[in-house]
Amino acid sequence: MSGGEQKPERYYVGVDVGTGSVRAALVDQSGVLLAFADQPIKKWEPQFNHHEQSSEDIWAACCVVTKKVVQGIDLNQIRGLGFDATCSLVVLDKQFHPLPVNHEEDSHRNVIMWLDHRAVSQVNRINETKHSVLQYVGGVMSVEMQAPKLLWLKENLRETCWDKAGHFFDLPDFLSWKATGVTARSLCSLVCKWTYSAERGWDDSFWKMIGLEDFVADNYSKIGNQVLPPGASLGNGLTPEAARDLGLLPGIAVAASLIDAHAGGLGVIGADVKGHGLVCEGQPVTSRLAVICGTSSCHMGISKDPIFVPGVWGPYFSAMVPGFWLNEGGQSVTGKLIDHMVEGHAAFPELQVKATARCQSVYAYLNSHLDLIKKAQPVGFLTVDLHVWPDFHGNRSPLADLTLKGMVTGLKLSQDLDDLAILYLATVQAIALGTRFIIEAMEAAGHSISTLFLCGGLSKNPLFVQMHADVTGMPVVLSQEVESVLVGAAILGACASGDFASVQVCEDQGLKDSKKYKDK
Ligand SMILES: Nc1ncnc2c1ncn2[C@@H]1O[C@H](COP(=O)(O)OP(=O)(O)O)[C@@H](O)[C@H]1O
Ligand SMILES: O=C(CO)[C@H](O)[C@H](O)COP(=O)(O)O
């Protein structure tokens with residue numbers, strides 16, 4: 001930087017661990033994303049509905065992407081680091097070494113992924129208790145939450161895992177521990193996935209009733225008895241060892257983390273939309289629904305007072321925006337379902353060849369193919385005879401039944417590229433209708449939503465965005481900065497650095513993402 005009088009730039013690093021890859025960004029104090037890197041991570045599916053990862057593999061990917069985004073930067077100007085991640089369960093022993101979460105005793109695979117459905121029997125028994133904590137997860141606990149998975153480990157891997165375990169982390173909290181050595185948990189993960197209450201703390205009677213009284217006996221030391229708000233600064237910042245791993249300087253501020261959907265929600269929900277004539281411009285922030293759409297879609301709506309929506313997670317206090325209650329609707333697979341339908345079709349190899357020849361992604365190719373075959377009619381008319389029920393991995397909201405299955409009606413004998421394109425369209429429409437179903441449930445319970453704010457990998461697909469606008473009848477706002485989840489993670493680092501007083505101040509005064517919008 002030239003000129004002694006100019007204030008030196010301050011930078012923040014955000015790291016986002018999604019289901020399929022880890023991303024990092026270098027962001028400046030105005031919220032401009034200066035560098036981006038991503039790296040795939042490993043996944044194992046040793047048997048149907050068992051999904052596992054490795055915390056060492058994930059950390060190694062975090063190191064690769066962080067080193068890339070800070071290349072050529074004066075490290076002294078990097079002020080803070082924030083992590084977000086999927087809400088997967090990481091298991092470590094008392095010395096913080098990985099423990100196997102599988103019958104094969106492969107300790108490398110020490111993460112039960114969020115979409116793992118192994119603990120169906122456990123969650124059914126938990127739901128039969130009708131314990132009052134269930135009111136705060138939409139009335140029914142999901143098999144994707146942590147309590148059933150912990151009970152599964154106790155009942156199935158007692159000797160090889162449960163008895164040896166010293167620490168159970170939500171993945172976002174594992175990352176902040178790895179960076180700082182501090183085992184404090186984020187209020188976000190504990191409230192949203194572990195039944196912790198921001199107001200009342202842990203409920204001993206719940207853990208005793210479900211057969212996990214072990215946690216009560218040791219004062220919750222294995223699952224977290226120090227809880228901090230997202231963005232709070234952890235300990236003395238980055239440890240020398242983690243600094244070496246990540247290519248940063250020791251001591252920079254590291255924030256208490258967020259779950260990935262919540263980082264995305266934080267990155268977009270406060271967007272400045274002035275001057276676009278959008279209905280939400282004159283309305284409170286509670287009229288906005290952030291939809292974070294990647295492997296899954298998460299529908300984040302906030303309110304000043306708690307709203308209980310049957311089948312929609314929450315209400316969670318201060319879990320995303322401090323001082324507000326959060327309801328989180330969700331569709332367990334969306335991006336994964338679209339990939340599954342397209343990649344499993346007989347015409348997929350032909351699609352790949354044709355898309356590659358045009359240097360396009362398969363989705364860009366399919367979108368232009370649909371435009372070609374729709375002729376004079378709106379594209380939606382192509383699916384009058386073909387319908388998809390999208391619950392291939394169960395229904396998270398608002399039916400809250402993860403045993404539900406998917407369905408396609410209207411199939412013919414032909415399996416050409418036209419059929420593939422129309423099946424793809426019907427899948428996208430079904431997902432958009434699922435969003436409408438969730439919004440209707442939220443509105444029936446007291447939310448008043450006027451505008452959707454989309455981010456995540458699927459928001460890069462214009463057909464997906466347009467179908468959400470068409471099917472819900474609401475304007476859809478997209479961020480100018482497509483990596484909004486990473487901006488949310490960087491906001492955490494900025495807050496922890498002390499350069500901004502709170503995550504709201506980061507959004508209002510500094511790390512504000514400039515927005516454009518897309519009318520329906
Ligand atoms: N440019 C794009 N066009 C269409 N779909 C996309 C695009 N980029 C990503 N996706 C889809 O988004 C999903 C992954 O989103 P992402 O936010 O990266 O996931 P995660 O955070 O779960 O790892 C995949 O299903 C992928 O096919
Ligand atoms: O449960 C969730 C958030 O509460 C998410 O579905 C989960 O974290 C996976 O996210 P993604 O689809 O971005 O990989």
# chains A, B, ... in the order shown; residues from 1 in each chain; ligands from 1
>>> select_by_dssp(residues="range 416-495 of chain A", states="helix (DSSP H, G or I)", output="PyMOL selection string")
chain A and resi 417-445+457-460+462-472+484-495
>>> write_last_selection(atoms="C-alpha atoms", output="mmCIF file, in the first residue's frame")
data_model
loop_
_atom_site.group_PDB
_atom_site.id
_atom_site.type_symbol
_atom_site.label_atom_id
_atom_site.label_comp_id
_atom_site.auth_asym_id
_atom_site.auth_seq_id
_atom_site.Cartn_x
_atom_site.Cartn_y
_atom_site.Cartn_z
ATOM 1 C CA LEU A 417 -31.828 -36.071 -23.900
ATOM 2 C CA ASP A 418 -35.263 -34.414 -24.061
ATOM 3 C CA ASP A 419 -36.520 -36.818 -21.386
ATOM 4 C CA LEU A 420 -33.493 -36.111 -19.221
ATOM 5 C CA ALA A 421 -33.978 -32.341 -19.561
ATOM 6 C CA ILE A 422 -37.664 -32.594 -18.649
ATOM 7 C CA LEU A 423 -36.961 -34.877 -15.677
ATOM 8 C CA TYR A 424 -34.345 -32.351 -14.498
ATOM 9 C CA LEU A 425 -36.907 -29.532 -14.842
ATOM 10 C CA ALA A 426 -39.555 -31.511 -12.922
ATOM 11 C CA THR A 427 -37.030 -32.144 -10.136
ATOM 12 C CA VAL A 428 -36.175 -28.455 -9.849
ATOM 13 C CA GLN A 429 -39.893 -27.581 -9.838
ATOM 14 C CA ALA A 430 -40.575 -30.174 -7.124
ATOM 15 C CA ILE A 431 -37.862 -28.652 -4.950
ATOM 16 C CA ALA A 432 -39.305 -25.167 -5.498
ATOM 17 C CA LEU A 433 -42.774 -26.469 -4.567
ATOM 18 C CA GLY A 434 -41.193 -27.920 -1.410
ATOM 19 C CA THR A 435 -39.968 -24.422 -0.550
ATOM 20 C CA ARG A 436 -43.500 -23.089 -1.060
ATOM 21 C CA PHE A 437 -44.848 -25.846 1.232
ATOM 22 C CA ILE A 438 -42.376 -24.747 3.939
ATOM 23 C CA ILE A 439 -43.247 -21.054 3.530
ATOM 24 C CA GLU A 440 -46.956 -21.871 3.817
ATOM 25 C CA ALA A 441 -46.322 -23.725 7.098
ATOM 26 C CA MET A 442 -44.225 -20.829 8.440
ATOM 27 C CA GLU A 443 -46.876 -18.264 7.469
ATOM 28 C CA ALA A 444 -49.687 -20.327 8.996
ATOM 29 C CA ALA A 445 -47.769 -20.224 12.293
ATOM 30 C CA GLY A 457 -24.187 -23.575 -5.075
ATOM 31 C CA LEU A 458 -27.712 -23.968 -6.473
ATOM 32 C CA SER A 459 -28.253 -20.211 -6.571
ATOM 33 C CA LYS A 460 -25.740 -20.225 -9.452
ATOM 34 C CA PRO A 462 -30.687 -19.569 -13.182
ATOM 35 C CA LEU A 463 -33.407 -22.208 -13.707
ATOM 36 C CA PHE A 464 -33.414 -23.082 -9.997
ATOM 37 C CA VAL A 465 -33.680 -19.392 -9.062
ATOM 38 C CA GLN A 466 -36.415 -18.666 -11.629
ATOM 39 C CA MET A 467 -38.502 -21.666 -10.558
ATOM 40 C CA HIS A 468 -38.341 -20.497 -6.937
ATOM 41 C CA ALA A 469 -39.636 -17.071 -8.022
ATOM 42 C CA ASP A 470 -42.349 -18.577 -10.266
ATOM 43 C CA VAL A 471 -43.568 -21.168 -7.780
ATOM 44 C CA THR A 472 -43.572 -18.954 -4.658
ATOM 45 C CA SER A 484 -22.266 -15.285 0.529
ATOM 46 C CA VAL A 485 -21.662 -18.189 2.913
ATOM 47 C CA LEU A 486 -17.969 -17.273 2.949
ATOM 48 C CA VAL A 487 -18.818 -13.636 3.577
ATOM 49 C CA GLY A 488 -20.792 -14.862 6.607
ATOM 50 C CA ALA A 489 -17.711 -16.779 7.830
ATOM 51 C CA ALA A 490 -15.492 -13.739 7.286
ATOM 52 C CA ILE A 491 -17.994 -11.596 9.251
ATOM 53 C CA LEU A 492 -17.303 -13.913 12.200
ATOM 54 C CA GLY A 493 -13.547 -13.338 11.901
ATOM 55 C CA ALA A 494 -14.073 -9.565 11.629
ATOM 56 C CA CYS A 495 -16.233 -9.602 14.727
#
>>> residues_near_ligand(ligand="ligand 1", cutoff="6 Å", atoms="only C-alpha atoms and all ligand atoms", output="JSON, numbers by chain")
{"A": [18, 19, 20, 21, 294, 295, 335, 336, 339, 363, 456, 457, 458, 460, 461]}
>>> closest_residue(among="A:Pro475, A:Pro250, A:Pro148, A:Gly264", to="ligand 2", atoms="only C-alpha atoms and all ligand atoms")
A:Gly264
>>> residues_near_ligand(ligand="ligand 2", cutoff="7 Å", atoms="only C-alpha atoms and all ligand atoms", output="ChimeraX atom specification")
/A:18-20,85-87,114,259-261,292-298,330,332
>>> closest_atom_pairs(of="range 196-242 of chain A", to="range 120-139 of chain A", cutoff="10 Å", atoms="only C-alpha atoms", output="tab-separated table")
residue	atom	partner	partner_atom	distance
A:Tyr196	CA	A:Val133	CA	8.6
A:Ser197	CA	A:Val133	CA	8.6
A:Trp202	CA	A:Val133	CA	9.7
A:Asp203	CA	A:Val133	CA	7.8
A:Ser205	CA	A:His131	CA	8.6
A:Phe206	CA	A:His131	CA	6.6
A:Trp207	CA	A:Ile126	CA	9.8
A:Met209	CA	A:Thr129	CA	7.5
A:Ile210	CA	A:Ile126	CA	6.0
A:Gly211	CA	A:Ile126	CA	9.4
>>> write_last_selection(atoms="C-alpha atoms", output="PDB file, in the first residue's frame")
ATOM      1  CA  TYR A 196     -29.121 -26.588  24.378  1.00  0.00           C
ATOM      2  CA  SER A 197     -31.206 -23.555  25.323  1.00  0.00           C
ATOM      3  CA  TRP A 202     -28.729 -28.041  29.121  1.00  0.00           C
ATOM      4  CA  ASP A 203     -31.797 -29.924  30.318  1.00  0.00           C
ATOM      5  CA  SER A 205     -33.955 -34.536  32.430  1.00  0.00           C
ATOM      6  CA  PHE A 206     -33.797 -34.886  28.635  1.00  0.00           C
ATOM      7  CA  TRP A 207     -30.403 -36.617  28.591  1.00  0.00           C
ATOM      8  CA  MET A 209     -34.703 -39.781  29.831  1.00  0.00           C
ATOM      9  CA  ILE A 210     -33.086 -40.813  26.539  1.00  0.00           C
ATOM     10  CA  GLY A 211     -30.371 -42.929  28.164  1.00  0.00           C
TER      11      GLY A 211
END
>>> atom_distance(atom1="CA of Leu89 in chain A", atom2="CA of Asp391 in chain A")
23.3 Å
>>> closest_residue(among="A:His369, A:His345, A:Arg288, A:Lys274", to="Met474 in chain A", atoms="only C-alpha atoms")
A:Arg288
